[in-house]
Each structure stands twice: as structure tokens, then as C-alpha cells.
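Undergrad: Sharing model.cif (mmCIF, C-alpha atoms and all ligand atoms) below.
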```
data_query
loop_
_atom_site.label_atom_id
_atom_site.label_comp_id
_atom_site.auth_asym_id
_atom_site.auth_seq_id
_atom_site.Cartn_x
_atom_site.Cartn_y
_atom_site.Cartn_z
CA MET A 1 103.32 90.54 82.00
CA THR A 2 102.04 93.73 83.56
CA ILE A 3 103.54 95.19 86.70
CA ILE A 4 100.36 95.47 88.72
CA LEU A 5 102.15 96.74 91.81
CA LYS A 6 105.80 97.30 92.55
CA THR A 7 107.41 99.16 95.40
CA GLU A 8 111.11 99.87 95.21
CA GLY A 9 112.87 100.69 98.49
CA LEU A 10 109.80 102.52 99.76
CA ASN A 11 110.44 104.44 102.99
CA LYS A 12 108.27 106.75 105.01
CA VAL A 13 109.74 108.37 108.08
CA TYR A 14 107.57 110.48 110.34
CA ARG A 15 109.16 112.87 112.79
CA GLN A 16 107.48 113.35 116.12
CA GLY A 17 108.19 115.74 118.97
CA GLY A 18 110.12 119.00 119.17
CA LEU A 19 113.73 119.82 118.41
CA VAL A 20 115.04 118.43 121.68
CA ARG A 21 113.11 115.19 121.89
CA ALA A 22 112.53 114.55 118.20
CA ARG A 23 111.76 110.94 117.41
CA GLN A 24 111.73 109.22 114.05
CA ILE A 25 109.12 106.63 113.19
CA HIS A 26 109.92 104.37 110.27
CA ALA A 27 106.34 103.69 109.20
CA LEU A 28 107.65 102.12 105.98
CA ASN A 29 111.14 100.66 106.03
CA GLU A 30 112.54 99.53 102.67
CA VAL A 31 109.31 98.04 101.39
CA ASN A 32 109.96 96.00 98.24
CA ILE A 33 107.16 94.01 96.69
CA THR A 34 106.49 93.07 93.08
CA VAL A 35 103.28 91.66 91.68
CA GLU A 36 103.44 90.88 87.99
CA SER A 37 100.52 89.19 86.35
CA ASP A 38 98.49 89.03 83.18
CA LYS A 39 95.32 88.77 85.21
CA PRO A 40 93.89 91.18 87.81
CA VAL A 41 94.72 90.19 91.38
CA VAL A 42 93.80 90.78 94.99
CA ILE A 43 96.83 91.57 97.13
CA ALA A 44 96.21 91.40 100.87
CA VAL A 45 98.36 93.38 103.28
CA VAL A 46 98.15 91.98 106.80
CA GLY A 47 99.90 92.84 110.03
CA GLU A 48 99.16 94.05 113.49
CA SER A 49 98.27 97.58 114.46
CA GLY A 50 101.02 100.11 113.72
CA SER A 51 102.85 97.84 111.25
CA GLY A 52 102.58 100.38 108.41
CA LYS A 53 99.62 99.07 106.38
CA THR A 54 97.74 102.37 106.23
CA THR A 55 100.93 104.28 105.46
CA LEU A 56 101.50 101.97 102.50
CA ALA A 57 97.91 102.57 101.34
CA LYS A 58 98.23 106.33 101.75
CA THR A 59 101.50 106.36 99.81
CA LEU A 60 99.92 104.46 96.92
CA LEU A 61 96.96 106.83 97.03
CA ARG A 62 99.30 109.85 96.99
CA LEU A 63 97.96 111.00 100.35
CA GLU A 64 101.50 110.72 101.73
CA THR A 65 104.79 111.37 99.96
CA PRO A 66 107.42 108.70 100.45
CA THR A 67 110.64 109.79 102.14
CA SER A 68 112.47 107.72 99.53
CA GLY A 69 111.80 104.98 97.01
CA ARG A 70 108.96 104.76 94.55
CA ALA A 71 105.80 102.86 93.71
CA ILE A 72 104.59 101.60 90.35
CA VAL A 73 100.97 100.69 89.56
CA TYR A 74 100.09 99.13 86.22
CA ASP A 75 103.45 100.11 84.73
CA SER A 76 103.06 103.75 85.81
CA VAL A 77 105.21 105.39 88.53
CA VAL A 78 102.58 106.82 90.88
CA ALA A 79 104.65 107.82 93.93
CA GLY A 80 108.22 108.91 94.60
CA LYS A 81 110.86 109.93 92.09
CA GLY A 82 109.71 109.90 88.49
CA ALA A 83 105.97 109.87 89.29
CA THR A 84 104.35 111.01 86.08
CA PRO A 85 100.55 110.75 85.91
CA SER A 86 98.58 113.97 86.27
CA ARG A 87 96.02 114.04 89.08
CA ARG A 88 93.22 113.10 86.72
CA GLU A 89 95.21 110.26 85.13
CA PHE A 90 96.14 109.03 88.58
CA LEU A 91 92.52 109.00 89.77
CA GLY A 92 91.64 106.98 86.70
CA LEU A 93 94.27 104.44 87.72
CA VAL A 94 93.94 104.13 91.50
CA GLN A 95 90.87 104.68 93.64
CA PRO A 96 90.35 104.33 97.40
CA ILE A 97 87.75 102.70 99.60
CA PHE A 98 88.04 103.70 103.23
CA GLN A 99 87.27 101.96 106.48
CA ASN A 100 84.25 103.90 107.62
CA PRO A 101 81.62 104.49 104.93
CA PHE A 102 79.70 106.80 107.28
CA GLU A 103 82.69 109.16 107.30
CA ALA A 104 83.04 109.03 103.52
CA PHE A 105 79.63 110.66 102.98
CA SER A 106 78.28 113.74 104.76
CA ARG A 107 74.97 113.22 106.52
CA TYR A 108 73.65 116.34 104.82
CA ARG A 109 74.23 115.49 101.19
CA PRO A 110 72.54 112.73 99.17
CA VAL A 111 75.03 109.95 98.50
CA ASP A 112 74.36 109.86 94.77
CA ALA A 113 75.60 113.49 94.58
CA TYR A 114 79.07 112.10 95.40
CA LEU A 115 78.83 109.58 92.62
CA HIS A 116 77.75 112.22 90.12
CA GLU A 117 80.57 114.47 91.25
CA THR A 118 83.12 111.70 90.68
CA ALA A 119 81.70 111.04 87.21
CA ARG A 120 81.78 114.73 86.27
CA ARG A 121 84.99 115.89 87.92
CA VAL A 122 87.21 112.83 87.94
CA ALA A 123 86.00 110.97 84.87
CA GLY A 124 85.16 114.17 82.94
CA MET A 125 81.69 113.00 81.88
CA ASP A 126 78.77 115.15 80.83
CA GLU A 127 75.43 114.96 82.65
CA SER A 128 73.88 112.11 80.67
CA GLN A 129 77.11 110.07 80.62
CA ALA A 130 77.36 110.60 84.39
CA GLU A 131 73.77 109.45 84.89
CA ALA A 132 74.46 106.24 82.97
CA ALA A 133 77.83 105.62 84.68
CA VAL A 134 76.34 106.08 88.16
CA ALA A 135 73.51 103.67 87.36
CA GLU A 136 75.93 101.12 85.95
CA ALA A 137 78.32 101.39 88.92
CA LEU A 138 75.47 100.96 91.39
CA HIS A 139 74.19 98.02 89.39
CA SER A 140 77.60 96.34 89.55
CA VAL A 141 77.50 96.46 93.36
CA GLY A 142 73.95 95.08 93.42
CA LEU A 143 72.07 98.34 94.00
CA ASP A 144 69.41 100.13 92.01
CA ALA A 145 70.05 103.78 91.09
CA VAL A 146 66.36 104.62 91.46
CA GLU A 147 66.35 103.35 95.03
CA VAL A 148 69.55 105.17 95.95
CA ARG A 149 68.63 108.51 94.36
CA GLY A 150 68.20 111.43 96.79
CA LYS A 151 68.87 109.36 99.91
CA TYR A 152 71.30 110.31 102.69
CA SER A 153 73.95 108.17 104.36
CA GLY A 154 71.79 107.67 107.48
CA GLN A 155 69.19 105.89 105.36
CA PHE A 156 71.55 103.02 104.51
CA SER A 157 73.16 100.21 106.49
CA GLY A 158 76.95 100.19 106.82
CA GLY A 159 77.15 97.36 104.29
CA GLU A 160 74.98 99.18 101.73
CA LEU A 161 76.94 102.37 102.22
CA GLN A 162 80.22 100.55 101.72
CA ARG A 163 78.83 99.10 98.48
CA ILE A 164 78.01 102.67 97.43
CA SER A 165 81.65 103.61 98.23
CA VAL A 166 82.74 100.77 95.97
CA ALA A 167 80.39 102.02 93.24
CA ARG A 168 81.89 105.50 93.54
CA ALA A 169 85.39 104.07 93.27
CA LEU A 170 84.42 102.14 90.12
CA ILE A 171 83.16 105.15 88.15
CA PRO A 172 86.59 106.31 86.85
CA GLN A 173 87.27 102.66 85.86
CA PRO A 174 90.45 102.35 87.96
CA ARG A 175 92.87 99.48 87.47
CA LEU A 176 93.66 99.23 91.21
CA ILE A 177 91.35 99.82 94.16
CA VAL A 178 93.06 100.38 97.50
CA ALA A 179 90.73 99.25 100.26
CA ASP A 180 91.92 100.02 103.78
CA GLU A 181 90.08 97.83 106.30
CA PRO A 182 86.91 98.03 104.18
CA VAL A 183 84.86 95.59 106.25
CA SER A 184 86.00 96.24 109.79
CA MET A 185 83.14 98.69 110.51
CA ILE A 186 80.52 96.48 108.91
CA ASP A 187 78.25 94.05 110.64
CA ALA A 188 79.96 90.64 110.65
CA SER A 189 77.05 89.00 108.83
CA ARG A 190 77.43 91.43 105.89
CA ARG A 191 81.20 91.35 105.49
CA MET A 192 81.25 88.52 102.99
CA ILE A 193 78.98 90.48 100.66
CA ILE A 194 81.75 93.07 100.26
CA ILE A 195 84.51 90.46 100.09
CA ASN A 196 82.67 88.48 97.41
CA LEU A 197 81.98 91.71 95.57
CA PHE A 198 85.73 92.34 95.33
CA LYS A 199 86.20 88.86 93.92
CA ARG A 200 83.48 89.40 91.36
CA LEU A 201 84.87 92.78 90.31
CA ARG A 202 88.28 91.20 89.88
CA ASP A 203 86.93 88.36 87.75
CA GLU A 204 84.23 90.15 85.78
CA GLN A 205 85.55 93.71 85.48
CA GLY A 206 89.30 93.17 85.67
CA ARG A 207 89.91 95.34 88.74
CA SER A 208 92.83 94.61 91.03
CA PHE A 209 92.61 95.26 94.76
CA LEU A 210 95.03 96.06 97.53
CA TYR A 211 93.10 94.73 100.51
CA ILE A 212 94.40 95.93 103.86
CA THR A 213 93.15 93.99 106.82
CA HIS A 214 93.73 92.54 110.26
CA ASP A 215 91.53 89.66 109.29
CA LEU A 216 93.60 86.73 108.07
CA ALA A 217 90.57 84.59 107.32
CA THR A 218 89.18 86.94 104.66
CA ALA A 219 92.71 87.66 103.41
CA TYR A 220 93.21 83.96 102.82
CA TYR A 221 89.79 83.56 101.22
CA ILE A 222 90.05 86.41 98.77
CA SER A 223 93.66 87.12 97.97
CA ASP A 224 96.06 85.95 95.29
CA PHE A 225 99.10 87.44 97.05
CA VAL A 226 99.76 88.30 100.67
CA ALA A 227 102.24 90.77 102.15
CA VAL A 228 102.83 90.44 105.89
CA MET A 229 103.99 93.64 107.55
CA ASN A 230 105.73 94.10 110.87
CA LYS A 231 107.25 97.34 112.15
CA GLY A 232 107.24 99.01 108.76
CA GLN A 233 108.80 96.09 106.92
CA VAL A 234 107.32 93.47 104.65
CA VAL A 235 108.56 90.37 106.43
CA GLU A 236 106.92 87.87 104.11
CA PHE A 237 105.43 88.15 100.65
CA GLY A 238 104.19 85.66 98.10
CA PRO A 239 101.23 83.74 96.72
CA ALA A 240 98.49 83.62 99.37
CA ARG A 241 98.30 79.86 99.63
CA GLN A 242 102.04 79.53 100.07
CA VAL A 243 102.34 82.28 102.69
CA MET A 244 99.36 81.11 104.72
CA SER A 245 99.92 77.36 104.57
CA ASP A 246 103.69 77.36 104.82
CA PRO A 247 104.76 80.54 106.57
CA GLN A 248 108.52 81.03 106.52
CA HIS A 249 108.82 83.95 108.86
CA ALA A 250 108.41 83.67 112.63
CA TYR A 251 106.16 86.73 112.68
CA THR A 252 103.78 85.24 110.09
CA ARG A 253 103.58 82.05 112.18
CA LEU A 254 102.87 84.14 115.26
CA LEU A 255 100.13 85.99 113.39
CA LEU A 256 98.56 82.73 112.23
CA ASP A 257 98.86 81.19 115.67
CA SER A 258 97.07 84.16 117.18
CA ILE A 259 93.92 82.85 115.44
CA PRO A 260 93.92 79.32 116.80
CA THR A 261 91.18 77.73 114.71
CA ILE A 262 92.41 79.17 111.44
CA GLY A 263 96.07 78.84 112.31
CA SER A 264 95.77 75.16 113.14
CA ARG A 265 93.89 74.45 109.94
CA TRP A 266 96.35 76.32 107.76
CA ARG A 267 99.54 75.12 109.34
CA PRO A 268 100.97 72.02 107.67
CA ARG A 269 100.41 68.93 109.72
CA ALA A 270 103.43 67.21 111.20
CA PRO A 271 104.30 64.14 109.11
CA ALA A 272 102.77 60.96 110.52
CA ALA A 273 105.18 58.71 112.38
CA ALA A 274 106.30 55.74 110.29
N1 LIG B 1 100.93 111.22 110.50
C1 LIG B 1 101.71 110.50 111.30
N2 LIG B 1 102.62 111.11 112.10
C2 LIG B 1 103.42 110.37 112.90
N3 LIG B 1 103.40 109.02 112.98
C3 LIG B 1 102.52 108.38 112.22
C4 LIG B 1 101.63 109.07 111.34
N4 LIG B 1 100.86 108.15 110.70
C5 LIG B 1 101.25 106.95 111.15
N5 LIG B 1 102.24 107.08 112.06
C6 LIG B 1 102.94 105.99 112.75
O1 LIG B 1 103.46 105.13 111.75
C7 LIG B 1 103.36 103.78 112.18
C8 LIG B 1 102.55 102.97 111.16
O2 LIG B 1 101.20 103.44 111.21
P1 LIG B 1 100.06 102.86 110.24
O3 LIG B 1 98.82 103.65 110.51
O4 LIG B 1 100.57 102.83 108.86
O5 LIG B 1 99.89 101.37 110.79
P2 LIG B 1 98.74 100.30 110.50
O6 LIG B 1 99.42 98.99 110.31
O7 LIG B 1 97.87 100.79 109.41
O8 LIG B 1 97.95 100.32 111.86
P3 LIG B 1 96.35 100.05 112.12
O9 LIG B 1 96.15 98.61 111.77
O10 LIG B 1 96.20 100.32 113.57
O11 LIG B 1 95.60 101.01 111.25
C9 LIG B 1 102.73 103.79 113.57
O12 LIG B 1 103.77 103.77 114.52
C10 LIG B 1 102.03 105.14 113.59
O13 LIG B 1 101.93 105.63 114.92
#
```
Using C-alpha cells, write down the structure that the file contains.

TA:
Amino acid sequence: MTIILKTEGLNKVYRQGGLVRARQIHALNEVNITVESDKPVVIAVVGESGSGKTTLAKTLLRLETPTSGRAIVYDSVVAGKGATPSRREFLGLVQPIFQNPFEAFSRYRPVDAYLHETARRVAGMDESQAEAAVAEALHSVGLDAVEVRGKYSGQFSGGELQRISVARALIPQPRLIVADEPVSMIDASRRMIIINLFKRLRDEQGRSFLYITHDLATAYYISDFVAVMNKGQVVEFGPARQVMSDPQHAYTRLLLDSIPTIGSRWRPRAPAAA
């Protein structure tokens, strides 16, 4: 089996304030999760604001250095002690999708220029390979390269622009895509298009996803595994169905109960009286 994602004693401590009133924030506190599988998976990371989800994403994306511990993606140590891949190898292994697609693309540069740049610089393609890869990536997210060509971010809806972000992330053919709140800025009616796209890319292209969200309903719908975070710790981790339908930790139950309709449906019913 392949180690799709493993974190070993991952810690991230931020220091805030001056010398006198310095404060330590344990954004990640001994995070240990292991996902081994022969098939690509979607791993959801849920938890309330400030629980450490984004810090975990940033650590896996090498945007933050862990204070201690390490992270492994597809059998390769990507963060912490012993991290080996070069920047280019790393970008061919892990790619990000961020929350706000309007921030990912400048208003003054056509969006396809970003896709071409990724193909040339990250994937090392020549012009004609890049042209073909951009067209193929846009096609896999349901868009037509001819219709996207030369257009600016303001000419797309949030949902379309997020699909273009996904297309950009696909160009280097990464094994894992880290998506931090990828649908929270998108019109509610369009969110499922992105969520179903992740599912399709998992099943048809073999991409795995780390899906960070506040939204337990989509986490339940899409994910194979769920990690529940609270105050920098993973308080519950396991197969999605098990975690959501039979939560073991009080915090997970609290989280599920905070969405009454979903929580009541997911929680096991009390056994009927004999
Ligand atoms: N650069 C930083 N410097 C200091 N503290 C930080 C920094 N980044 C995050 N933190 C703190 O680390 C903790 C975890 O933050 P993080 O952004 O990972 O949480 P989150 O679960 O992603 O929250 P949200 O759902 O609101 O995005 C919070 O207490 C946050 O204030």
C-alpha cells in the first residue's frame, strides 16, 4: 500500500508579542495521521476556526516549516527533517487550491497566462506541450481553452474561476491537491460542481485531495477519511462514514450537533425499546 499522507508528531508553534509578553500558539500540536491506500482518496480536515487546519495545509504545501515532526506524501518526506524532493519535484507531487479564486489571479493578467506559466516553469514543458496541457487541464474541469483564452479574472464567475484554479493545479500532474476552503467563497448553488469535480478527478485521474472545510455536509459527501481538529490537535481520525456516523470524541459530537439537521441524521438512533 502507498502512504498517501502521513504526519509524524507534527508541531507548529507561532510566537506572538515582544520579549516581555511573548506568547506561544500551538497551531499544530503533535498531529499524527496516516492514510495508506492503493486507491486515491479524499481526506477532509474539519474543525472550527483557529483549530489549525490552514496551518496543516501550509505545512504540507511547504509554505510553513514545522517546528518539529515531519510529513510524508506519496512515500516522499515533503516537510520537516529528511525532506528530500527539490522544489520542482515537490510541485509535481503536491499542488494547492486556495479559498479565494479572485485573489489567485491578478485582474490585469489573462488567466490562461497563469496556466501557461505553470506548464512552462513548473512542469518544464515547451510551448506546444504547454498549449496542449492547458487545453487538456481546462477540458478536465469542463471548460474550453478557446473560450478561456485572453480573458481576465473579472470575466468569470467565482465557480468558473475556481475551476480554472483546479485546472492550473492539475497541469503538473500532482498526486495530492491541497484545497483550503475551496468552495467557501463560491455561490452556494455552484459549490457542488467543484465538489463533484474533485470526486471525478479522484476516480478518473487518480488524484488525491486534502479537503479543508468548515462544511461537514460536503466533507461527509466527498471524503474517504476525516480528520477532526480542535486547538491544534487531531482529536478524531478515521474513515469518513465511521467518524461521522459514530463519533467517538466529544468535540466531534459537538461539531455534528452544531448542524442540527445533518447531525440528527448522522447520529446513530437510540435502540428501540423492547
Ligand atoms: N502566522 C501566524 N502567526 C501567529 N499565529 C498564527 C499564524 N497563523 C496562524 N496562527 C494561529 O494559529 C492558530 C491556528 O490557525 P489556522 O489558521 O491554522 O486555523 P484554521 O483552523 O485554519 O482557522 P480558519 O478556519 O479560521 O481558517 C490560530 O490560533 C491562529 O491565530

Undergrad: If the limit is 6 Å from any atom of ligand LIG 1 (chain B), counting only C-alpha atoms and all ligand atoms, which residues qualify? Return them as a list in words.

TA: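 Written in the requested form, the residues are Tyr14, Gln16, Ala27, Glu48, Ser49, Gly50, Ser51, Gly52, Lys53, Thr54 and Thr55 of chain A.
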
Undergrad: So how many Å separate atom CA of Pro247 of chain A and atom CA of Val41 of chain A, to one decimal?

TA: 20.6 Å

Undergrad: Would you write out, as a tab-separated table, a table of all residues in segment 79-128 of chain A that have an atom no more than 12 Å from an atom of segment 133-142 of chain A, listing for each the closest atom pair and the distance in Å to one decimal, considering all atoms listed in the file and ordering rows by chain and rising residue number?

TA:
```
residue	atom	partner	partner_atom	distance
A:Val111	CA	A:Val134	CA	11.1
A:Asp112	CA	A:Val134	CA	7.9
A:Ala113	CA	A:Val134	CA	9.8
A:Tyr114	CA	A:Val134	CA	9.8
A:Leu115	CA	A:Val134	CA	6.2
A:His116	CA	A:Val134	CA	6.6
A:Glu117	CA	A:Val134	CA	9.9
A:Thr118	CA	A:Val134	CA	9.2
A:Ala119	CA	A:Ala133	CA	7.1
A:Arg120	CA	A:Ala133	CA	10.1
A:Ala123	CA	A:Ala133	CA	9.8
A:Gly124	CA	A:Ala133	CA	11.4
A:Met125	CA	A:Ala133	CA	8.8
A:Asp126	CA	A:Ala133	CA	10.3
A:Glu127	CA	A:Ala133	CA	9.9
A:Ser128	CA	A:Ala133	CA	8.6
```

Undergrad: I'd like the neighbourhood of Lys39 of chain A as JSON, numbers by chain, where a residue qualifies if any of its atoms comes within 9 Å (using all atoms listed in the file), though same-chain residues fewer than 6 positions away should be ignored.

TA: {"A": [1, 2, 202, 203, 206, 208]}

Undergrad: Determine, counting only C-alpha atoms, every residue of protein, DNA or RNA that lies within 8 Å of (94.4, 94.6, 94.3) in the file coordinates, then give the result as a count of residues only.

TA: 13

Undergrad: Between A:Ala217, A:Ile4, A:Leu161, A:Ile25, which has the minimum distance to Ser106 of chain A (counting all atoms listed in the file)?

TA: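 Closest residue, counting all atoms listed in the file: A:Leu161.
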
Undergrad: Identify the residues within 7 Å of coordinate (108.6, 109.5, 100.6) (same frame as the file), considering all atoms listed in the file, and give the answer as a short mmCIF file (atom, residue, chain, number, x, y, z; two decimals) with C-alpha atoms, keeping the file's coordinate frame.

TA:
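File written: result14.cif
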```cif
data_model
loop_
_atom_site.label_atom_id
_atom_site.label_comp_id
_atom_site.auth_asym_id
_atom_site.auth_seq_id
_atom_site.Cartn_x
_atom_site.Cartn_y
_atom_site.Cartn_z
CA ASN A 11 110.44 104.44 102.99
CA LYS A 12 108.27 106.75 105.01
CA THR A 65 104.79 111.37 99.96
CA PRO A 66 107.42 108.70 100.45
CA THR A 67 110.64 109.79 102.14
CA SER A 68 112.47 107.72 99.53
CA GLY A 69 111.80 104.98 97.01
CA GLY A 80 108.22 108.91 94.60
#
```

Undergrad: Which one is closest to Ala79 of chain A: A:Pro182, A:Pro174, A:Gly9, A:Gly154? Count all atoms listed in the file.

TA: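 That would be A:Gly9, the residue with the smallest distance to Ala79 of chain A.
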
Undergrad: Might you pull out every residue within 6 Å of Ile212 of chain A, with only C-alpha atoms counted and same-chain residues fewer than 5 positions away left off, and present them as a VMD selection string?

TA: chain A and resid 44 to 45 180 to 181

Undergrad: Figure out the distance between atom CA of Pro96 of chain A and atom CA of Thr252 of chain A, please, to one decimal in Å.

TA: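 Atom CA of Pro96 of chain A lies 26.6 Å from atom CA of Thr252 of chain A.
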
Undergrad: Go through segment 152-237 of chain A and flag each residue having an atom no more than 9 Å from segment 87-92 of chain A; for those, report the closest pair of atoms plus their distance in Å to one decimal, using all atoms listed in the file, ordered by chain and rising number, as a Markdown table.

TA:
```
| residue | atom | partner | partner_atom | distance |
| --- | --- | --- | --- | --- |
| A:Ile171 | CA | A:Gly92 | CA | 8.8 |
| A:Pro172 | CA | A:Gly92 | CA | 5.1 |
| A:Gln173 | CA | A:Gly92 | CA | 6.2 |
| A:Pro174 | CA | A:Gly92 | CA | 4.9 |
| A:Arg175 | CA | A:Gly92 | CA | 7.6 |
```

Undergrad: Could you state the separation of atom CA of Ala219 of chain A and atom CA of Ile164 of chain A in Å, given to one decimal place?

TA: 21.8 Å

Undergrad: Please determine, counting all atoms listed in the file, which residue among A:Arg190, A:Arg62, A:Lys199, A:Arg23 has the shortest atom-to-atom distance to Ser223 of chain A.

TA: A:Lys199

Undergrad: Taking into account all atoms listed in the file, which residue in the set A:Thr7, A:Gln155, A:Asn230, A:Ser184 is nearest to Ala57 of chain A?

TA: A:Thr7

Undergrad: My list of candidates is A:His214, A:Leu93, A:Val46, A:Ala169. Which is closest to Val243 of chain A when distances are computed with all atoms listed in the file?

TA: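 Of the candidates, the smallest distance to Val243 of chain A is held by A:Val46.
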
Undergrad: Ranking A:Thr218, A:Gln129, A:Ser165, A:Thr84 by minimum distance to Ala188 of chain A and counting only C-alpha atoms, which one comes first?

TA: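 Distance minimum relative to Ala188 of chain A lands on A:Thr218.
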